[in-house]
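J.: Before I ask anything, let me first share the structure, which is written out below as structure tokens.
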Amino acid sequence: MVQKHQPDLGGFDTDPDRSFNMPAAYYTDQAIFEREKEAIFFKSWRFVGHITEMPEPGDYLTQDICGQNVFVVRDAKGCFNGFYNVCKHRAHELVSGRRGNVKAVITCPYHAWAYGLDGSLRNARFADQVKGFDKSGFSLSTIRVEIFCGFVFVNLDPDARPIGECAPGFEETFRAHAPDLDAMVWTGQANFDIAANWKVVAENGLDGYHVFLSGPAHKALGELMDGHNLKMTTHEGWAKLHAHAGTGDNKAYGYSTGEGQTDEYVTMLLWPDLLLFTLPGANGVWSFLMAPEGPGRTREEIAAYTPGGTEMDDATKEAVRYMNEVLGPEDVGLNIGVQKGLNSRGYRQGRLMVDDARSDMSEHTIHFVQLMTLKALGDLG
Ligand code: FES
Ligand SMILES: [Fe+2]
């Protein structure tokens, strides 16, 4: 079956109360994915990492943005400079791996052109023999960099609005739930390659319906949280889930809510594909990037941060064990199962389950992801 690049939206409605899901083709079609790259991922703020991952001059982090490799390097003044990861001579990649240190100059591994940490070409061997060679014409292509909530973000769009303007209120709200945010230090990261569209993963991260009131998908999580106080809200450029830990027994993990321990489960989506979250009883915050690699592939990057970089206490380790061994695999299975179904000729679009009260089971947050996507693509007519 040949799918149109811009499918008929069918029952999708800008009003979540009346809306069906967006059509399945938005999760499977290569041509739509190409449009998402241009309209969303090459224009929005992209998560790179945390400032504590690059404390020294010359430290760099790379990131892949839908096939565009970029890096951010810290200079001698402590500033963060961002560039496309490509040499201006004959296009060799400049730096490799997730992280490293280039010392004072970035030297290309091919013919050794050397660039300053500001991106200017400092030295090209043999250049004095080349007619009319002007070093100033070969500076690296820069990209925008912003530090937000202690995290490093880049944007390939030179005209992008600052993150705080794209997502007003996000930072204040997250800081209210993570008062130690400025003391957080990166402690580790794990990546997973998931056979599902990035929106399937993002929607699942904002989905209360599959968790609470004895939902079948996460039995232990449903016991851990008090689903009746789950609040799910959508905002300009972000969305939020907030619950408190329940008071009864649970099979997820043991926790205390003493000093320094939160009893809050908070997940905040920074549009389009970054979740920041806290877990009850755990002393830290987590980032969860759902970076698209194709219409049916997502690279999940999950990283942990603790106050001062201290070793996790026992309760936090238990929360992480539960997340790694139970919750994460459960969600991966759900996401892959949905992606398989989205490829089926027997499915086009289901009904979003939204109620007036925006209760703990309401899918208005799912609608938020879909509406933002269609708006960005210019598909709403
Ligand atoms: S490609 Fe980088 S120096 Fe030649
Ligand atoms: Fe889940």
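How things are named: the first chain in the structure tokens is A, the next is B, and so on; residues count from 1 in each chain; ligands count from 1 in the order shown.
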Check every protein, DNA and RNA residue against ligand 1, keep those with an atom at most 6 Å away (counting only C-alpha atoms and all ligand atoms), and present them as a PyMOL selection string.

T.: chain A and resi 87+89-92+108+110-113

J.: Write a file of the just-selected residues containing N, CA and C atoms, as a short mmCIF file (atom, residue, chain, number, x, y, z; two decimals), in the first residue's frame.

T.:
```cif
data_model
loop_
_atom_site.label_atom_id
_atom_site.label_comp_id
_atom_site.auth_asym_id
_atom_site.auth_seq_id
_atom_site.Cartn_x
_atom_site.Cartn_y
_atom_site.Cartn_z
N CYS A 87 34.99 18.65 9.18
CA CYS A 87 36.13 19.48 8.79
C CYS A 87 35.82 20.23 7.49
N HIS A 89 37.84 21.09 5.24
CA HIS A 89 38.70 20.74 4.11
C HIS A 89 38.00 19.72 3.22
N ARG A 90 38.04 18.44 3.58
CA ARG A 90 37.37 17.45 2.76
C ARG A 90 36.42 16.59 3.57
N ALA A 91 35.85 17.24 4.60
CA ALA A 91 34.64 16.72 5.26
C ALA A 91 34.85 15.57 6.24
N HIS A 92 36.07 15.28 6.65
CA HIS A 92 36.20 14.22 7.66
C HIS A 92 35.55 14.69 8.96
N CYS A 108 41.98 17.84 12.83
CA CYS A 108 41.29 16.86 12.00
C CYS A 108 42.17 15.63 11.82
N TYR A 110 42.39 13.66 9.41
CA TYR A 110 42.75 13.31 8.03
C TYR A 110 44.03 14.05 7.60
N HIS A 111 43.96 15.38 7.41
CA HIS A 111 45.15 16.13 6.96
C HIS A 111 45.62 17.15 7.98
N ALA A 112 45.08 17.01 9.19
CA ALA A 112 45.56 17.78 10.36
C ALA A 112 45.27 19.28 10.30
N TRP A 113 44.24 19.70 9.62
CA TRP A 113 43.82 21.10 9.80
C TRP A 113 43.48 21.28 11.28
#
```

J.: Can you work out which residues are within 12 Å of ligand 2, considering only C-alpha atoms and all ligand atoms, and then hand them over as a ChimeraX atom specification?

T.: /A:200-212,215-222,267,323,326-335

J.: Those residues with C-alpha atoms, as a CSV table (one decimal), in the first residue's frame please?

T.:
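File written: result.csv
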```
chain,number,residue,atom,x,y,z
A,200,VAL,CA,5.2,6.1,20.4
A,201,VAL,CA,7.9,6.4,23.1
A,202,ALA,CA,7.0,10.0,24.0
A,203,GLU,CA,3.3,9.2,24.3
A,204,ASN,CA,4.0,6.2,26.5
A,205,GLY,CA,6.0,8.4,28.8
A,206,LEU,CA,2.9,10.7,29.3
A,207,ASP,CA,0.3,7.9,29.5
A,208,GLY,CA,-1.5,7.5,32.8
A,209,TYR,CA,-4.2,5.3,31.3
A,210,HIS,CA,-1.8,2.3,31.1
A,211,VAL,CA,-0.5,2.6,34.7
A,212,PHE,CA,-3.2,3.5,37.2
A,215,GLY,CA,-4.0,-1.1,34.6
A,216,PRO,CA,-2.5,-4.4,33.2
A,217,ALA,CA,0.8,-2.9,31.9
A,218,HIS,CA,2.7,-1.9,35.1
A,219,LYS,CA,1.1,-3.6,38.1
A,220,ALA,CA,3.9,-2.7,40.5
A,221,LEU,CA,4.0,0.9,39.4
A,222,GLY,CA,0.3,1.2,39.8
A,267,THR,CA,7.8,13.4,34.6
A,323,MET,CA,13.4,1.1,36.5
A,326,VAL,CA,11.1,-4.0,35.4
A,327,LEU,CA,9.6,-0.7,34.3
A,328,GLY,CA,11.9,0.0,31.4
A,329,PRO,CA,11.6,-3.5,29.8
A,330,GLU,CA,7.8,-3.3,30.3
A,331,ASP,CA,7.6,0.0,28.4
A,332,VAL,CA,10.0,-1.2,25.7
A,333,GLY,CA,7.7,-4.2,25.1
A,334,LEU,CA,4.7,-1.9,24.9
A,335,ASN,CA,6.3,0.5,22.5
```

J.: Could you state the separation of CA of Lys199 (chain A) and CA of Glu171 (chain A) in Å, given to one decimal place?

T.: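 These two atoms are separated by 22.8 Å.
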
J.: Would you please give, as a list in words, all residues of region 304-355 of chain A that DSSP assigns to helix (DSSP H, G or I) based on the backbone?

T.: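 Residues meeting the helix (DSSP H, G or I) criterion: Asp314, Ala315, Thr316, Lys317, Glu318, Ala319, Val320, Arg321, Tyr322, Met323, Asn324, Glu325, Val326, Leu327, Gly328, Pro329, Glu330, Asp331, Val332, Gly333, Leu334, Asn335, Ile336, Gly337, Val338, Gln339, Lys340, Gly341 and Leu342 of chain A.
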
J.: Name the residues in contact with Trp186 (chain A) at a cut-off of 12 Å, using only C-alpha atoms, excluding same-chain residues fewer than 4 positions from it; report them as an MDAnalysis selection string.

T.: chainID A and resid 49:55 150:151 181:182 284:287 302:312

J.: Atoms to include: C-alpha atoms. Write the selected residues as an mmCIF file, in the first residue's frame.

T.:
```
data_model
loop_
_atom_site.group_PDB
_atom_site.id
_atom_site.type_symbol
_atom_site.label_atom_id
_atom_site.label_comp_id
_atom_site.auth_asym_id
_atom_site.auth_seq_id
_atom_site.Cartn_x
_atom_site.Cartn_y
_atom_site.Cartn_z
ATOM 1 C CA GLY A 49 24.154 16.240 27.925
ATOM 2 C CA HIS A 50 24.920 17.844 31.273
ATOM 3 C CA ILE A 51 27.424 20.593 32.073
ATOM 4 C CA THR A 52 29.130 18.305 34.608
ATOM 5 C CA GLU A 53 30.047 15.948 31.748
ATOM 6 C CA MET A 54 32.427 18.600 30.392
ATOM 7 C CA PRO A 55 34.106 20.352 33.338
ATOM 8 C CA GLY A 150 22.077 22.593 33.983
ATOM 9 C CA PHE A 151 21.754 20.684 30.699
ATOM 10 C CA LEU A 181 19.041 20.765 40.554
ATOM 11 C CA ASP A 182 22.120 23.011 40.519
ATOM 12 C CA GLY A 284 18.439 12.244 42.082
ATOM 13 C CA VAL A 285 16.967 13.219 38.735
ATOM 14 C CA TRP A 286 16.974 11.436 35.399
ATOM 15 C CA SER A 287 16.933 12.507 31.772
ATOM 16 C CA ILE A 302 18.809 7.550 29.830
ATOM 17 C CA ALA A 303 21.150 9.337 32.252
ATOM 18 C CA ALA A 304 21.199 9.736 36.026
ATOM 19 C CA TYR A 305 22.297 12.684 38.161
ATOM 20 C CA THR A 306 22.842 12.753 41.938
ATOM 21 C CA PRO A 307 23.534 15.670 44.284
ATOM 22 C CA GLY A 308 27.293 16.294 44.242
ATOM 23 C CA GLY A 309 27.788 13.123 42.199
ATOM 24 C CA THR A 310 27.641 11.065 45.393
ATOM 25 C CA GLU A 311 27.087 7.351 45.165
ATOM 26 C CA MET A 312 23.407 6.477 45.117
#
```

J.: Can you tell me which residues surround Lys43 (chain A) at a distance of at most 8 Å, considering only C-alpha atoms, apart from same-chain residues fewer than 6 positions away, and format the answer as JSON, numbers by chain?

T.: {"A": [155, 156, 157, 160]}

J.: Contacts of region 34-42 of chain A at 6 Å or less, counting only C-alpha atoms, minus same-chain residues fewer than 3 places along, as a PyMOL selection string?

T.: chain A and resi 31+156+376-377

J.: Just the selected residues (C-alpha atoms), exported as a PDB file, in the first residue's frame, please.

T.:
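Output file out30.pdb is given in full below:
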```
ATOM      1  CA  ALA A  31       8.491  10.716   3.827  1.00  0.00           C
ATOM      2  CA  LEU A 156      20.512  23.878  14.240  1.00  0.00           C
ATOM      3  CA  ALA A 376       4.997  21.815  13.437  1.00  0.00           C
ATOM      4  CA  LEU A 377       4.457  19.944  10.169  1.00  0.00           C
TER       5      LEU A 377
END
```

J.: Please report, as a list in words, each residue of region 184-240 of chain A to which DSSP assigns strand (DSSP E) when run on this structure's backbone.

T.: Met184, Val185, Trp186, Thr187, Gly188, Gln189, Ala190, Asn191, Phe192, Asp193, Ile194, Lys231, Met232, Thr233, Thr234, His235, Trp238, Ala239 and Lys240 of chain A

J.: Put those residues in a file: C-alpha atoms, as a CSV table (one decimal), in the first residue's frame.

T.:
```csv
chain,number,residue,atom,x,y,z
A,184,MET,CA,23.3,17.6,40.3
A,185,VAL,CA,26.2,15.8,38.8
A,186,TRP,CA,26.1,13.3,35.9
A,187,THR,CA,26.7,9.7,37.2
A,188,GLY,CA,26.1,7.5,34.1
A,189,GLN,CA,24.2,6.9,30.9
A,190,ALA,CA,22.7,3.9,29.1
A,191,ASN,CA,21.5,3.9,25.5
A,192,PHE,CA,18.9,1.6,24.0
A,193,ASP,CA,17.8,1.1,20.4
A,194,ILE,CA,14.1,0.7,20.3
A,231,LYS,CA,-2.3,15.2,37.7
A,232,MET,CA,-1.5,15.5,34.0
A,233,THR,CA,-1.2,18.9,32.5
A,234,THR,CA,-0.2,20.4,29.1
A,235,HIS,CA,1.5,23.7,28.6
A,238,TRP,CA,5.9,21.1,27.6
A,239,ALA,CA,3.7,18.6,29.5
A,240,LYS,CA,3.8,17.2,33.0
```

J.: Show me, as number ranges by chain, the residues that have an atom within 10 Å of Leu371 (chain A) when counting only C-alpha atoms, minus same-chain residues fewer than 6 positions from it.

T.: A: 12-16, 21-22, 365, 377, 379-380

J.: Just write the chosen residues, N, CA and C atoms, as an mmCIF file, in the first residue's frame.

T.:
```cif
data_model
loop_
_atom_site.group_PDB
_atom_site.id
_atom_site.type_symbol
_atom_site.label_atom_id
_atom_site.label_comp_id
_atom_site.auth_asym_id
_atom_site.auth_seq_id
_atom_site.Cartn_x
_atom_site.Cartn_y
_atom_site.Cartn_z
ATOM 1 N N PHE A 12 -8.973 12.968 13.589
ATOM 2 C CA PHE A 12 -8.159 13.805 14.479
ATOM 3 C C PHE A 12 -8.800 15.181 14.590
ATOM 4 N N ASP A 13 -8.840 15.727 15.820
ATOM 5 C CA ASP A 13 -9.454 17.034 16.049
ATOM 6 C C ASP A 13 -8.513 17.844 16.936
ATOM 7 N N THR A 14 -8.435 19.151 16.691
ATOM 8 C CA THR A 14 -7.574 19.965 17.559
ATOM 9 C C THR A 14 -8.113 20.019 18.987
ATOM 10 N N ASP A 15 -9.382 19.685 19.164
ATOM 11 C CA ASP A 15 -9.986 19.611 20.500
ATOM 12 C C ASP A 15 -9.802 18.185 21.032
ATOM 13 N N PRO A 16 -9.014 18.025 22.091
ATOM 14 C CA PRO A 16 -8.744 16.657 22.576
ATOM 15 C C PRO A 16 -10.007 15.902 22.972
ATOM 16 N N ASN A 21 -6.864 9.482 17.514
ATOM 17 C CA ASN A 21 -5.408 9.559 17.338
ATOM 18 C C ASN A 21 -5.080 10.008 15.926
ATOM 19 N N MET A 22 -3.899 10.578 15.749
ATOM 20 C CA MET A 22 -3.478 10.893 14.386
ATOM 21 C C MET A 22 -3.252 9.582 13.630
ATOM 22 N N THR A 365 -2.767 14.189 27.286
ATOM 23 C CA THR A 365 -1.321 14.381 27.101
ATOM 24 C C THR A 365 -0.837 13.688 25.820
ATOM 25 N N LEU A 377 4.402 20.389 11.569
ATOM 26 C CA LEU A 377 4.457 19.944 10.169
ATOM 27 C C LEU A 377 3.612 20.827 9.253
ATOM 28 N N ASP A 379 0.345 20.581 9.068
ATOM 29 C CA ASP A 379 -0.636 19.662 8.471
ATOM 30 C C ASP A 379 -2.057 19.907 8.968
ATOM 31 N N LEU A 380 -2.267 20.976 9.717
ATOM 32 C CA LEU A 380 -3.622 21.190 10.250
ATOM 33 C C LEU A 380 -4.496 21.998 9.308
#
```

J.: Excluding Pro280 (chain A) and residues on its chain fewer than 4 positions from it, collect all residues at most 9 Å away from it, counting only C-alpha atoms, and give them as a ChimeraX atom specification.

T.: /A:224-225,244-245,255-257,261-266,316,319

J.: Given the choices A:Lys131, A:Lys375, A:Lys340, A:Lys317, which gets closest to Gly237 (chain A) if the distance is worked out from only C-alpha atoms?

T.: A:Lys375

J.: Which residues of region 221-304 of chain A come within 10 Å of region 345-363 of chain A, and for each one, what is the closest pair of atoms and their distance in Å to one decimal, counting only C-alpha atoms, sorted by chain and residue number, as a Markdown table?

T.:
```
| residue | atom | partner | partner_atom | distance |
| --- | --- | --- | --- | --- |
| A:Gly227 | CA | A:Asp360 | CA | 6.5 |
| A:His228 | CA | A:Asp360 | CA | 6.6 |
| A:Asn229 | CA | A:Asp360 | CA | 7.5 |
| A:Leu230 | CA | A:Asp360 | CA | 5.3 |
| A:Lys231 | CA | A:Asp360 | CA | 6.4 |
| A:Met232 | CA | A:Asp360 | CA | 7.1 |
| A:Thr233 | CA | A:Arg358 | CA | 8.2 |
| A:Leu241 | CA | A:Asp360 | CA | 9.3 |
| A:His242 | CA | A:Asp360 | CA | 9.9 |
| A:Ala243 | CA | A:Asp360 | CA | 9.5 |
```

J.: Go through A:Val105, A:Leu275, A:Ile336, A:Ala196 and flag the residue nearest Tyr27 (chain A), using only C-alpha atoms for the distances.

T.: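 Once distances to Tyr27 (chain A) are computed over only C-alpha atoms, the minimum belongs to A:Ala196.
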
J.: Restricting the calculation to only C-alpha atoms: of A:His364, A:Arg144, A:Arg299, A:His177, which residue gets closest to Arg46 (chain A)?

T.: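 Checking each candidate against Arg46 (chain A), we get A:Arg144 as the closest.
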
J.: Hey, can you check how far CA of Gln6 (chain A) sits from CA of Ser344 (chain A)?

T.: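 The value is 18.3 Å.
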